Amino acid sequence: MFEEVIKFFTTGKDKPLMSGDQGQIAKVFNKYRWSTFTSITLGYALFYVLRLNFSVIKKPLMQAGVLDAQQLGVMGSVFFITYGVGKFTNSFLADRMNIKRFFAMGLFLSSIITVIMGFCNEYLPLVVLWGINGWFQSFGAGPCIVALNQWFSNRERGTYYGVWFTSHNLGAGFTYVATAALVGAYSWRAGFIMPGIVCLVGSILIYFFMSDRPETHGLPNVADFKNDHAAIVEKDKSVGSLQWEVVKRPAVWILGLSSCFVYIARYAIESWGIVYLTEAKGYTTMGASGILSIMQFAGIFGSLTCGLVSDKFFNHKRNLPCLIYGALYAASIAAFLWAPASQMIDLATMAVYGFTMGALVCYLGGLMAVDICPKRATGAAMGMIGLLSYGGAAAQELISGYLINAHMTIVNGKKVYDFALAGEFWVASAVISMLLAACVWNVKVKD
């Protein structure tokens, strides 16, 4: 039984190359690669729908007395721990897996868990289920990166990586608006159940439209198809030895740590932004969700343009644009927290934050590491970056939840939460990330 499961998820065998003229081969190749690209883009957006709906539900859970801020912080931390460990292991596995089946199964199981959470109202079951959801969520990123490297060549990678990366903004922006509307119209339970059902249907569609490697369809690999071969010759090395080269590279670790601090600031805003705006600035849940949805749609433009900008204007180098985005990222978070209360200021700072966050998570969350690592070990590179990134996100949840809850006061019988120390922690993390990214200014594909 176990062997059959392993066989089901392992990538298929190479088929003999298709016969026929180049035009016919190109037609088939493009058909599969665009259906795969569409599947990973829309599919990863659905993964984010099932991840960030919890951010919208936090405030209603606190108001209903189901959970307090510290318990929510623990829940968030458990999710990011299981997600980070899962992303590390499952991204390594993705280099060997049938990415179509692996990706669709992760979304399917995450959808099931999310629906079940809508029927729970106690702390311990919610923590356990949210942690399990984190593990299934980790089936998403690795297969997407592997698919991009299997179906798109080196010269195309930066541009299409940026386009694919808009998926998390699309999913997050949608869930901020739709989940807030569901919660407002019904209850916090609907914020789990309805997105879960929608994503369950989506996972089934993805299974039928996504594809495994080109070679399993009798097609040439993308390097041969596009005549775009990397400078590094890696054909004589095993996947395991190439993955070990990734693990040994100091530059990958530095990029991972920089991404770690980006994710601390990122998930501070995404996880606690609605609570902050409702508590500190007097927004309604729907109003706060509207403010935060701006950052996600701005993030689409950041993700879309960052790869294109670095490919076209910086000769495929990400270092200088990364530094510029990093400075604006830290400044926008500081302005959001410390500028005078104003809806226009909040909208403007979230627009700048979203744009720069979309670019930085694209660069530091994978693209810069993928650029300097062997093509057949990109899953390993994403796994390492993911482990460090979500380690930061997990620590953020615990620390932020503690800082917010520790300075809580009772005013007229109502709990009032303080965000001063948490805000300083968030801004400092953004600055540290920028400094770490500058440490790998001249790193190249092979030292």
# chains A, B, ... in the order shown; residues from 1 in each chain; ligands from 1
call {"tool": "select_by_dssp", "arguments": {"residues": "region 281-408 of chain A", "states": "alpha helix (DSSP H)", "output": "VMD selection string"}}
result
chain A and resid 285 to 313 319 to 338 343 to 362 368 to 371 378 to 406
call {"tool": "residues_around", "arguments": {"residues": "region 296-309 of chain A", "least_positions_apart": "3", "cutoff": "6 Å", "atoms": "only C-alpha atoms", "output": "VMD selection string"}}
result
chain A and resid 158 to 159 162 to 163 165 to 166 169 173 293 312 to 313 351 354 to 356 358 to 359
call {"tool": "write_last_selection", "arguments": {"atoms": "N, CA and C atoms", "output": "PDB file, in the first residue's frame"}}
result
ATOM      1  N   GLY A 158      12.820  35.066 -14.620  1.00  0.00           N
ATOM      2  CA  GLY A 158      12.531  36.213 -13.764  1.00  0.00           C
ATOM      3  C   GLY A 158      11.161  36.800 -14.050  1.00  0.00           C
ATOM      4  N   THR A 159      10.839  36.943 -15.324  1.00  0.00           N
ATOM      5  CA  THR A 159       9.564  37.554 -15.706  1.00  0.00           C
ATOM      6  C   THR A 159       8.385  36.689 -15.278  1.00  0.00           C
ATOM      7  N   GLY A 162       7.790  36.399 -11.533  1.00  0.00           N
ATOM      8  CA  GLY A 162       7.079  37.562 -11.015  1.00  0.00           C
ATOM      9  C   GLY A 162       5.586  37.497 -11.294  1.00  0.00           C
ATOM     10  N   VAL A 163       5.225  37.051 -12.503  1.00  0.00           N
ATOM     11  CA  VAL A 163       3.805  36.920 -12.835  1.00  0.00           C
ATOM     12  C   VAL A 163       3.145  35.881 -11.942  1.00  0.00           C
ATOM     13  N   PHE A 165       4.049  34.979  -9.063  1.00  0.00           N
ATOM     14  CA  PHE A 165       4.063  35.392  -7.660  1.00  0.00           C
ATOM     15  C   PHE A 165       2.908  36.318  -7.311  1.00  0.00           C
ATOM     16  N   THR A 166       2.243  36.887  -8.316  1.00  0.00           N
ATOM     17  CA  THR A 166       1.062  37.697  -8.024  1.00  0.00           C
ATOM     18  C   THR A 166      -0.069  36.848  -7.461  1.00  0.00           C
ATOM     19  N   ASN A 169      -0.932  37.494  -3.888  1.00  0.00           N
ATOM     20  CA  ASN A 169      -1.646  38.754  -3.705  1.00  0.00           C
ATOM     21  C   ASN A 169      -3.105  38.632  -4.123  1.00  0.00           C
ATOM     22  N   GLY A 173      -5.867  39.238  -1.405  1.00  0.00           N
ATOM     23  CA  GLY A 173      -6.789  40.339  -1.629  1.00  0.00           C
ATOM     24  C   GLY A 173      -8.230  39.862  -1.686  1.00  0.00           C
ATOM     25  N   SER A 293      -6.686  45.146   1.882  1.00  0.00           N
ATOM     26  CA  SER A 293      -6.809  44.580   0.535  1.00  0.00           C
ATOM     27  C   SER A 293      -6.035  45.431  -0.475  1.00  0.00           C
ATOM     28  N   LYS A 312      15.240  43.366 -17.342  1.00  0.00           N
ATOM     29  CA  LYS A 312      15.373  44.315 -18.452  1.00  0.00           C
ATOM     30  C   LYS A 312      16.329  45.463 -18.160  1.00  0.00           C
ATOM     31  N   PHE A 313      16.345  45.938 -16.907  1.00  0.00           N
ATOM     32  CA  PHE A 313      17.084  47.164 -16.602  1.00  0.00           C
ATOM     33  C   PHE A 313      18.317  46.943 -15.723  1.00  0.00           C
ATOM     34  N   ALA A 351      -0.351  50.873   0.198  1.00  0.00           N
ATOM     35  CA  ALA A 351      -0.051  50.709  -1.227  1.00  0.00           C
ATOM     36  C   ALA A 351       1.453  50.563  -1.448  1.00  0.00           C
ATOM     37  N   GLY A 354       2.553  47.208   0.105  1.00  0.00           N
ATOM     38  CA  GLY A 354       2.181  46.063  -0.723  1.00  0.00           C
ATOM     39  C   GLY A 354       3.063  45.931  -1.949  1.00  0.00           C
ATOM     40  N   PHE A 355       3.343  47.055  -2.618  1.00  0.00           N
ATOM     41  CA  PHE A 355       4.179  47.040  -3.816  1.00  0.00           C
ATOM     42  C   PHE A 355       5.575  46.508  -3.496  1.00  0.00           C
ATOM     43  N   THR A 356       6.186  47.035  -2.424  1.00  0.00           N
ATOM     44  CA  THR A 356       7.545  46.615  -2.082  1.00  0.00           C
ATOM     45  C   THR A 356       7.578  45.210  -1.495  1.00  0.00           C
ATOM     46  N   GLY A 358       5.540  42.768  -2.317  1.00  0.00           N
ATOM     47  CA  GLY A 358       5.412  41.851  -3.445  1.00  0.00           C
ATOM     48  C   GLY A 358       6.744  41.598  -4.119  1.00  0.00           C
ATOM     49  N   ALA A 359       7.549  42.659  -4.257  1.00  0.00           N
ATOM     50  CA  ALA A 359       8.862  42.513  -4.888  1.00  0.00           C
ATOM     51  C   ALA A 359       9.846  41.782  -3.986  1.00  0.00           C
TER      52      ALA A 359
END
call {"tool": "select_by_dssp", "arguments": {"residues": "region 345-441 of chain A", "states": "strand (DSSP E)", "output": "list in words"}}
result
Thr409, Ile410, Val411, Lys414, Lys415 and Val416 of chain A
call {"tool": "write_last_selection", "arguments": {"atoms": "N, CA, C and O atoms", "output": "mmCIF file, in the first residue's frame"}}
result
data_model
loop_
_atom_site.group_PDB
_atom_site.id
_atom_site.type_symbol
_atom_site.label_atom_id
_atom_site.label_comp_id
_atom_site.auth_asym_id
_atom_site.auth_seq_id
_atom_site.Cartn_x
_atom_site.Cartn_y
_atom_site.Cartn_z
ATOM 1 N N THR A 409 -5.038 46.373 28.669
ATOM 2 C CA THR A 409 -5.672 46.970 29.847
ATOM 3 C C THR A 409 -7.186 46.840 29.722
ATOM 4 O O THR A 409 -7.721 46.619 28.621
ATOM 5 N N ILE A 410 -7.864 46.979 30.848
ATOM 6 C CA ILE A 410 -9.324 46.940 30.872
ATOM 7 C C ILE A 410 -9.836 48.361 31.045
ATOM 8 O O ILE A 410 -9.540 49.014 32.048
ATOM 9 N N VAL A 411 -10.595 48.843 30.081
ATOM 10 C CA VAL A 411 -11.179 50.180 30.144
ATOM 11 C C VAL A 411 -12.690 50.063 30.006
ATOM 12 O O VAL A 411 -13.187 49.612 28.964
ATOM 13 N N LYS A 414 -13.863 46.754 28.949
ATOM 14 C CA LYS A 414 -13.475 46.289 27.624
ATOM 15 C C LYS A 414 -11.967 46.152 27.534
ATOM 16 O O LYS A 414 -11.224 46.989 28.038
ATOM 17 N N LYS A 415 -11.490 45.085 26.903
ATOM 18 C CA LYS A 415 -10.063 44.881 26.719
ATOM 19 C C LYS A 415 -9.515 45.841 25.666
ATOM 20 O O LYS A 415 -10.065 45.950 24.568
ATOM 21 N N VAL A 416 -8.423 46.547 26.010
ATOM 22 C CA VAL A 416 -7.764 47.462 25.083
ATOM 23 C C VAL A 416 -6.324 46.987 24.902
ATOM 24 O O VAL A 416 -5.570 46.873 25.871
#
call {"tool": "closest_residue", "arguments": {"among": "A:Lys59, A:Arg101, A:Arg51, A:Arg96", "to": "Tyr207 (chain A)", "atoms": "only C-alpha atoms"}}
result
A:Arg101
call {"tool": "residues_around", "arguments": {"residues": "region 11-27 of chain A", "least_positions_apart": "2", "cutoff": "6 Å", "atoms": "only C-alpha atoms", "output": "list in words"}}
result
Phe29, Asn30, Met97, Asn98, Glu215, Thr216, Gly218 and Leu219 of chain A
call {"tool": "write_last_selection", "arguments": {"atoms": "C-alpha atoms", "output": "mmCIF file, in the first residue's frame"}}
result
data_model
loop_
_atom_site.group_PDB
_atom_site.id
_atom_site.type_symbol
_atom_site.label_atom_id
_atom_site.label_comp_id
_atom_site.auth_asym_id
_atom_site.auth_seq_id
_atom_site.Cartn_x
_atom_site.Cartn_y
_atom_site.Cartn_z
ATOM 1 C CA PHE A 29 4.720 22.044 -25.579
ATOM 2 C CA ASN A 30 3.012 25.437 -25.284
ATOM 3 C CA MET A 97 7.629 14.303 -7.390
ATOM 4 C CA ASN A 98 4.827 14.328 -9.900
ATOM 5 C CA GLU A 215 9.754 14.693 -20.674
ATOM 6 C CA THR A 216 6.840 12.643 -19.290
ATOM 7 C CA GLY A 218 7.507 12.927 -24.823
ATOM 8 C CA LEU A 219 8.605 16.565 -25.089
#
call {"tool": "closest_residue", "arguments": {"among": "A:Leu398, A:Leu388, A:Leu107, A:Val431", "to": "Leu323 (chain A)", "atoms": "only C-alpha atoms"}}
result
A:Val431
call {"tool": "closest_residue", "arguments": {"among": "A:Pro60, A:His407, A:Ile269, A:Gly365", "to": "Tyr186 (chain A)", "atoms": "only C-alpha atoms"}}
result
A:Pro60
call {"tool": "residues_around", "arguments": {"residues": "Met350 (chain A)", "least_positions_apart": "6", "cutoff": "12 Å", "atoms": "only C-alpha atoms", "output": "NGL selection string"}}
result
:A and (266 or 269-270 or 273 or 277 or 288-299 or 328-337 or 343-344 or 356-358)
call {"tool": "closest_residue", "arguments": {"among": "A:Ala341, A:Ile274, A:Leu364, A:Leu421", "to": "Ala381 (chain A)", "atoms": "only C-alpha atoms"}}
result
A:Leu364
call {"tool": "closest_residue", "arguments": {"among": "A:Leu255, A:Asn412, A:Trp272, A:Ile385", "to": "Ala437 (chain A)", "atoms": "only C-alpha atoms"}}
result
A:Leu255
